[in-house]
Amino acid sequence: MMRPLIRTRRRIGAASAPVIARSRTGGAARVSTWTRTALAGALVAAVALLVGGSAMAQGAKPIKIGFGMALTGGLAGNGKAALLAMQIWRDDVNKKGGLLGRPVEFVYYDDQTNPATVPGIYTKLLDVDKVDLVVSGYGTNLIAPAMPLVMERKLLFMGLFGLANNEKYKYPRYFQIAPGGPDPAGAFSEGFFELAAKQSPRPKTAALVGADAEFPQTALVGARHHAKRLGFQVVYDKTYPPTTVDYTPIVRAIKATNPDVVFVASYPPDSTGMVLAASEVGLEPKMFGGGMVGLHFTALLTKLGAKLNGIVDYGFWVPEPTMKFPGIEAFLQKYQPEAVKAGVDPLGFYLPPWAYAMMQVLGQAVEGTKGLDQQKLAEYIHAQEFDTVVGKVKFGADGEWAKSRTVTMQFQNIKGSDADQFRQAGKQVVVYPDELKSGKLIYPYSAARK
C-alpha cells in the first residue's frame with residue numbers, strides 16, 4: 001500500500017525526520033532513536049517560522065499540494081532535481097508567511113517513471129490525502145494518464161514539461177510551464193530546420209528518428225511538418241522501441257541513406273545511445289541533433305563531453321547572457337549547493353528553474369484570487385502575466401505559452417568532462433531565435449567537432 005511522502009521543511013538529501021514524515025513504504029513513522037534530534041530540529045524550524053514567517057497564522061491549516069514524481073526509474077534524475085526545486089519554492093514561501101497566511105505542505109508519491117501508477121496516485125491524493133491542489137510529475141508520458149481524472153474532478157492542473165498533453169482535450173484549467181507556445185509539437189524542431197534551410201549550400205535531405213513513445217512521437221510530427229514546409233526530402237523516417245539498448249544498427253541504417261541533416265527525438269537513455277553510436281559509426285551529416293532530451297543534464301554533459309560538440313538541440317534555459325532573467329541566479333545559488341548534498345543534478349539548468357517557476361505561477365494565482373477555488377484560479381492564470389525566474393510567463397487559451405520561447409542551441413568548444421566549464425557562457429550557445437541569439441552556428445557538424 002502506498003504511503004504519502006509529506007514534507008513541511010525537509011528537502012531531499014536531508015537527514016531523516018520521522019516526527020514530521022510518514023514513510024511511503026510502511027505505516028506511520030515511528031518515534032525512533034532519532035526523536036531527540038528531530039525534536040531539536042523542529043524547535044529550530046519553529047523559531048525560523050516565527051522570525052521569517054510572522055505573517056503565517058499560528059496553527060493555520062496547511063495548504064496541501066499533491067503530486068506524483070519520478071523518484072525511481074528512467075526519469076528519476078530529473079524528477080529528484082525538480083522535487084528539490086519545488087521544495088526550495090515551498091521553503092521560500094513559508095519563510096515569507098506561506099500562502100494566504102497558511103503554511104504550504106507537499107504530499108507526493110514516487111510514480112516510478114511508470115504511467116500506469118499515475119491514476120492511482122492522483123486518486124489517492126484527492127480521496128485519501130485530501131490535498132487542496134495538484135500539480136503534475138515530470139514529462140509528457142506521466143502527465144497524460146492524470147488528465148482524465150483531473151478533468152473529471154474539474155481541477156486546476158499545472159503541467160511540468162508536457163508536450164501537447166492538452167491538444168486533444170482543450171481543457172481550460174490545464175497550464176504547462178515549458179515554453180513551447182501555440183505549436184508545442186513544432187517548437188522542438190522549428191529552429192533546427194529553419195537554421196538548416198539558411199545554410200549555403202543548402203542541405204536537401206533529412207533523416208527523422210525517435211523512440212516509439214508519446215513525447216518523441218509528438219516531436220516527430222512537428223519535425224515532419226517543418227521538413228515538408230521548408231522543402232526537405234525525408235529519406236529516413238523510423239522509430240525504435242523505448243527498450244532499445246543497442247543504437248548502432250539504427251545509426252548505421254541512417255548513415256546508409258546519406259542524409260544532409262539528422263533530427264532525433266529521444267529521451268535521456270536513447271539520447272546518450274544515439275550520440276555514442278553516431279561517434280562510433282562515424283555519422284557526420286551537415287547537422288545533427290534536434291529534440292534530444294537529457295543532453296543538458298550534468299550527468300550527460302560530463303559523460304559525453306567533447307562528443308557533444310556540434311550537436312544542435314532544443315533548449316529552454318541555458319547560462320548564456322541573453323537568458324539572464326531576474327531571479328534566476330538567486331535561485332541557482334540556493335539550488336546548486338543543496339543539489340550537491342542531495343546527489344541530484346548539480347548545475348540544474350534544464351528542469352529545476354522551470355519546476356520553481358511552475359510553483360511561482362501557482363502561488364501567485366492563489367494569492368491573487370485570495371483562495372483555492374479551482375475555477376477562479378484558472379481564470380486568473382489565463383488573464384495574468386507572471387514574473388518568474390525563467391522570465392515573464394503568459395499562457396494562451398490551451399494552457400500553453402501564448403508565444404513560444406523555445407530556443408535552439410549548439411554545443412561548442414567543450415573540452416574533457418569537467419562540469420564547471422558548463423557554468424560559463426559559450427558552451428551551450430543560443431543560435432535561434434535572433435532575439436535570444438548569443439553566438440553563431442558552427443556549420444557543418446564536422447567543423448564544430450574539430
# chains A, B, ... in the order shown; residues from 1 in each chain; ligands from 1

call {"tool": "residues_around", "arguments": {"residues": "segment 331-345 of chain A", "least_positions_apart": "5", "cutoff": "8 Å", "atoms": "only C-alpha atoms", "output": "list in words"}}
result
Ile12, Gly13, Ala14, Gly77, Asn78, Lys80, Ala81, Leu84, Ala85, Ile88, Phe297, Thr298, Ala299, Pro353 and Val389 of chain A

call {"tool": "write_last_selection", "arguments": {"atoms": "N, CA and C atoms", "output": "compact mmCIF listing (two decimals), in the first residue's frame"}}
result
# COMPACT_ATOMS: atom_id res chain seq x y z
N ILE A 12 14.96 16.79 -0.03
CA ILE A 12 15.59 15.51 -0.35
C ILE A 12 17.06 15.62 -0.05
N GLY A 13 17.60 14.55 0.50
CA GLY A 13 19.01 14.53 0.82
C GLY A 13 19.29 14.94 2.25
N ALA A 14 18.28 15.55 2.94
CA ALA A 14 18.49 15.95 4.32
C ALA A 14 18.33 14.74 5.23
N GLY A 77 16.43 10.97 -12.23
CA GLY A 77 17.41 12.04 -12.07
C GLY A 77 16.76 13.40 -12.20
N ASN A 78 15.93 13.55 -13.23
CA ASN A 78 15.21 14.80 -13.42
C ASN A 78 14.12 15.00 -12.38
N LYS A 80 13.99 13.98 -9.27
CA LYS A 80 14.55 14.39 -7.99
C LYS A 80 15.02 15.85 -8.03
N ALA A 81 15.57 16.27 -9.15
CA ALA A 81 16.01 17.66 -9.29
C ALA A 81 14.81 18.59 -9.27
N LEU A 84 13.49 18.92 -5.70
CA LEU A 84 14.31 19.82 -4.90
C LEU A 84 13.96 21.28 -5.20
N ALA A 85 13.81 21.62 -6.47
CA ALA A 85 13.45 22.99 -6.84
C ALA A 85 12.10 23.38 -6.24
N ILE A 88 12.47 24.07 -2.60
CA ILE A 88 13.07 25.39 -2.37
C ILE A 88 11.98 26.47 -2.47
N PHE A 297 21.56 17.65 -19.06
CA PHE A 297 21.74 17.19 -17.69
C PHE A 297 23.24 17.11 -17.40
N THR A 298 23.63 17.48 -16.21
CA THR A 298 25.05 17.47 -15.87
C THR A 298 25.66 16.09 -16.06
N ALA A 299 24.95 15.05 -15.69
CA ALA A 299 25.50 13.69 -15.81
C ALA A 299 25.85 13.36 -17.25
N PRO A 353 14.83 25.26 -12.78
CA PRO A 353 14.22 26.60 -12.82
C PRO A 353 12.76 26.59 -13.23
N VAL A 389 11.34 33.12 -12.38
CA VAL A 389 12.80 33.04 -12.57
C VAL A 389 13.17 32.69 -14.00

call {"tool": "select_by_dssp", "arguments": {"residues": "segment 23-257 of chain A", "states": "helix (DSSP H, G or I)", "output": "count of residues only"}}
result
104

call {"tool": "residues_around", "arguments": {"residues": "segment 221-231 of chain A", "least_positions_apart": "2", "cutoff": "8 Å", "atoms": "only C-alpha atoms", "output": "ChimeraX atom specification"}}
result
/A:185-190,193-194,197,204,206,208,217-219,233-234,263

call {"tool": "write_last_selection", "arguments": {"atoms": "N, CA and C atoms", "output": "mmCIF file, in the first residue's frame"}}
result
data_model
loop_
_atom_site.group_PDB
_atom_site.id
_atom_site.type_symbol
_atom_site.label_atom_id
_atom_site.label_comp_id
_atom_site.auth_asym_id
_atom_site.auth_seq_id
_atom_site.Cartn_x
_atom_site.Cartn_y
_atom_site.Cartn_z
ATOM 1 N N ALA A 185 4.327 20.989 -30.409
ATOM 2 C CA ALA A 185 4.909 19.859 -31.135
ATOM 3 C C ALA A 185 5.972 20.327 -32.114
ATOM 4 N N GLY A 186 5.739 21.490 -32.716
ATOM 5 C CA GLY A 186 6.693 22.010 -33.686
ATOM 6 C C GLY A 186 7.837 22.800 -33.087
ATOM 7 N N ALA A 187 7.704 23.213 -31.803
ATOM 8 C CA ALA A 187 8.720 24.068 -31.192
ATOM 9 C C ALA A 187 10.073 23.378 -31.075
ATOM 10 N N PHE A 188 10.076 22.059 -30.934
ATOM 11 C CA PHE A 188 11.328 21.329 -30.768
ATOM 12 C C PHE A 188 12.137 21.260 -32.061
ATOM 13 N N SER A 189 11.491 21.459 -33.186
ATOM 14 C CA SER A 189 12.176 21.283 -34.472
ATOM 15 C C SER A 189 12.209 22.534 -35.341
ATOM 16 N N GLU A 190 11.441 23.541 -35.000
ATOM 17 C CA GLU A 190 11.379 24.737 -35.840
ATOM 18 C C GLU A 190 12.753 25.357 -36.062
ATOM 19 N N PHE A 193 15.272 23.193 -38.302
ATOM 20 C CA PHE A 193 15.069 23.201 -39.746
ATOM 21 C C PHE A 193 15.175 24.602 -40.338
ATOM 22 N N GLU A 194 14.801 25.630 -39.577
ATOM 23 C CA GLU A 194 14.981 26.996 -40.064
ATOM 24 C C GLU A 194 16.462 27.305 -40.264
ATOM 25 N N ALA A 197 17.853 25.400 -43.309
ATOM 26 C CA ALA A 197 17.414 25.949 -44.593
ATOM 27 C C ALA A 197 18.184 27.205 -44.994
ATOM 28 N N LYS A 204 19.586 19.321 -48.468
ATOM 29 C CA LYS A 204 18.366 18.934 -49.181
ATOM 30 C C LYS A 204 17.626 17.763 -48.558
ATOM 31 N N ALA A 206 16.778 14.851 -45.316
ATOM 32 C CA ALA A 206 16.679 14.767 -43.865
ATOM 33 C C ALA A 206 16.328 13.355 -43.431
ATOM 34 N N LEU A 208 14.722 11.398 -40.034
ATOM 35 C CA LEU A 208 13.961 11.619 -38.807
ATOM 36 C C LEU A 208 13.899 10.306 -38.043
ATOM 37 N N GLN A 217 7.149 10.784 -30.403
ATOM 38 C CA GLN A 217 6.181 10.699 -31.493
ATOM 39 C C GLN A 217 5.595 12.070 -31.812
ATOM 40 N N THR A 218 5.268 12.836 -30.771
ATOM 41 C CA THR A 218 4.708 14.170 -30.975
ATOM 42 C C THR A 218 5.740 15.110 -31.582
ATOM 43 N N ALA A 219 6.975 15.036 -31.088
ATOM 44 C CA ALA A 219 8.037 15.882 -31.628
ATOM 45 C C ALA A 219 8.315 15.559 -33.097
ATOM 46 N N GLN A 233 13.696 16.756 -48.427
ATOM 47 C CA GLN A 233 13.285 15.407 -48.803
ATOM 48 C C GLN A 233 13.621 14.459 -47.664
ATOM 49 N N VAL A 234 12.621 13.809 -47.105
ATOM 50 C CA VAL A 234 12.850 12.892 -45.986
ATOM 51 C C VAL A 234 13.235 11.526 -46.554
ATOM 52 N N PHE A 263 17.528 14.562 -37.609
ATOM 53 C CA PHE A 263 16.756 15.040 -36.465
ATOM 54 C C PHE A 263 16.390 13.851 -35.592
#

call {"tool": "residues_around", "arguments": {"residues": "Asp132 of chain A", "least_positions_apart": "6", "cutoff": "8 Å", "atoms": "only C-alpha atoms", "output": "list in words"}}
result
Ile63, Lys64, Ile65, Gly66 and Leu372 of chain A

call {"tool": "closest_residue", "arguments": {"among": "A:Ala76, A:Val407, A:Met86, A:Val312", "to": "Phe288 of chain A", "atoms": "only C-alpha atoms"}}
result
A:Val312

call {"tool": "residues_around", "arguments": {"residues": "Met358 of chain A", "least_positions_apart": "2", "cutoff": "10 Å", "atoms": "only C-alpha atoms", "output": "list in words"}}
result
Met86, Trp89, Val135, Met158, Gly159, Leu160, Phe161, Phe175, Gln176, Ile177, Ala178, Pro352, Pro353, Trp354, Ala355, Tyr356, Gln360, Val361, Leu362, Gly363, Thr388, Val389, Val390 and Val393 of chain A

call {"tool": "write_last_selection", "arguments": {"atoms": "C-alpha atoms", "output": "PDB file, in the first residue's frame"}}
result
ATOM      1  CA  MET A  86       9.829  22.728  -5.719  1.00  0.00           C
ATOM      2  CA  TRP A  89       9.995  27.297  -3.567  1.00  0.00           C
ATOM      3  CA  VAL A 135       0.437  19.609  -9.990  1.00  0.00           C
ATOM      4  CA  MET A 158      -0.136  22.697 -13.644  1.00  0.00           C
ATOM      5  CA  GLY A 159       1.995  20.601 -16.015  1.00  0.00           C
ATOM      6  CA  LEU A 160       5.759  20.196 -15.796  1.00  0.00           C
ATOM      7  CA  PHE A 161       7.219  19.748 -19.287  1.00  0.00           C
ATOM      8  CA  PHE A 175      -1.392  25.061 -17.794  1.00  0.00           C
ATOM      9  CA  GLN A 176       2.035  23.896 -18.903  1.00  0.00           C
ATOM     10  CA  ILE A 177       5.262  25.658 -17.909  1.00  0.00           C
ATOM     11  CA  ALA A 178       7.599  24.641 -20.773  1.00  0.00           C
ATOM     12  CA  PRO A 352      14.825  22.941 -11.855  1.00  0.00           C
ATOM     13  CA  PRO A 353      14.222  26.603 -12.824  1.00  0.00           C
ATOM     14  CA  TRP A 354      11.019  25.573 -14.561  1.00  0.00           C
ATOM     15  CA  ALA A 355       9.788  23.480 -11.648  1.00  0.00           C
ATOM     16  CA  TYR A 356      10.341  26.518  -9.411  1.00  0.00           C
ATOM     17  CA  GLN A 360       5.630  30.549  -8.617  1.00  0.00           C
ATOM     18  CA  VAL A 361       2.715  30.769 -11.060  1.00  0.00           C
ATOM     19  CA  LEU A 362       0.524  28.635  -8.805  1.00  0.00           C
ATOM     20  CA  GLY A 363       1.481  30.619  -5.708  1.00  0.00           C
ATOM     21  CA  THR A 388       9.154  34.084 -12.656  1.00  0.00           C
ATOM     22  CA  VAL A 389      12.797  33.038 -12.569  1.00  0.00           C
ATOM     23  CA  VAL A 390      12.501  31.997 -16.229  1.00  0.00           C
ATOM     24  CA  VAL A 393       5.087  33.887 -18.475  1.00  0.00           C
TER      25      VAL A 393
END

call {"tool": "residues_around", "arguments": {"residues": "Ser266 of chain A", "least_positions_apart": "2", "cutoff": "7 Å", "atoms": "only C-alpha atoms", "output": "list in words"}}
result
Gly210, Ala211, Pro216, Val264, Pro268, Asp270, Ser271, Gly291, Met292 and Val293 of chain A

call {"tool": "closest_residue", "arguments": {"among": "A:Pro433, A:Pro103, A:Pro346, A:Gly137", "to": "Pro115 of chain A", "atoms": "only C-alpha atoms"}}
result
A:Gly137

call {"tool": "atom_distance", "arguments": {"atom1": "atom CA of Lys198 of chain A", "atom2": "atom CA of Val318 of chain A"}}
result
23.7 Å

call {"tool": "residues_around", "arguments": {"residues": "Ala116 of chain A", "least_positions_apart": "2", "cutoff": "10 Å", "atoms": "only C-alpha atoms", "output": "list in words"}}
result
Asp111, Gln112, Thr113, Asn114, Val118, Pro119, Gly120, Ile121, Asn141, Leu142, Pro145 and Ala146 of chain A

call {"tool": "closest_residue", "arguments": {"among": "A:Glu284, A:Arg423, A:Gly181, A:Thr257", "to": "Arg405 of chain A", "atoms": "only C-alpha atoms"}}
result
A:Gly181

call {"tool": "select_by_dssp", "arguments": {"residues": "segment 232-271 of chain A", "states": "strand (DSSP E)", "output": "mmCIF file with C-alpha atoms, in the first residue's frame"}}
result
data_model
loop_
_atom_site.group_PDB
_atom_site.id
_atom_site.type_symbol
_atom_site.label_atom_id
_atom_site.label_comp_id
_atom_site.auth_asym_id
_atom_site.auth_seq_id
_atom_site.Cartn_x
_atom_site.Cartn_y
_atom_site.Cartn_z
ATOM 1 C CA GLN A 233 13.285 15.407 -48.803
ATOM 2 C CA VAL A 234 12.850 12.892 -45.986
ATOM 3 C CA VAL A 235 14.995 9.843 -46.790
ATOM 4 C CA TYR A 236 14.596 8.061 -43.425
ATOM 5 C CA ASP A 237 11.649 8.222 -41.007
ATOM 6 C CA LYS A 238 11.505 5.448 -38.418
ATOM 7 C CA THR A 239 11.021 4.815 -34.725
ATOM 8 C CA TYR A 240 12.606 2.327 -32.340
ATOM 9 C CA VAL A 261 20.574 16.578 -41.643
ATOM 10 C CA VAL A 262 19.523 14.131 -38.914
ATOM 11 C CA PHE A 263 16.756 15.040 -36.465
ATOM 12 C CA VAL A 264 16.491 12.844 -33.350
ATOM 13 C CA ALA A 265 13.587 12.873 -30.868
ATOM 14 C CA SER A 266 14.669 10.961 -27.773
#

call {"tool": "atom_distance", "arguments": {"atom1": "atom CA of Ile254 of chain A", "atom2": "atom CA of Gly273 of chain A"}}
result
14.3 Å

call {"tool": "closest_residue", "arguments": {"among": "A:Thr302, A:Thr322, A:Gln375, A:Thr369", "to": "Ala419 of chain A", "atoms": "only C-alpha atoms"}}
result
A:Thr302
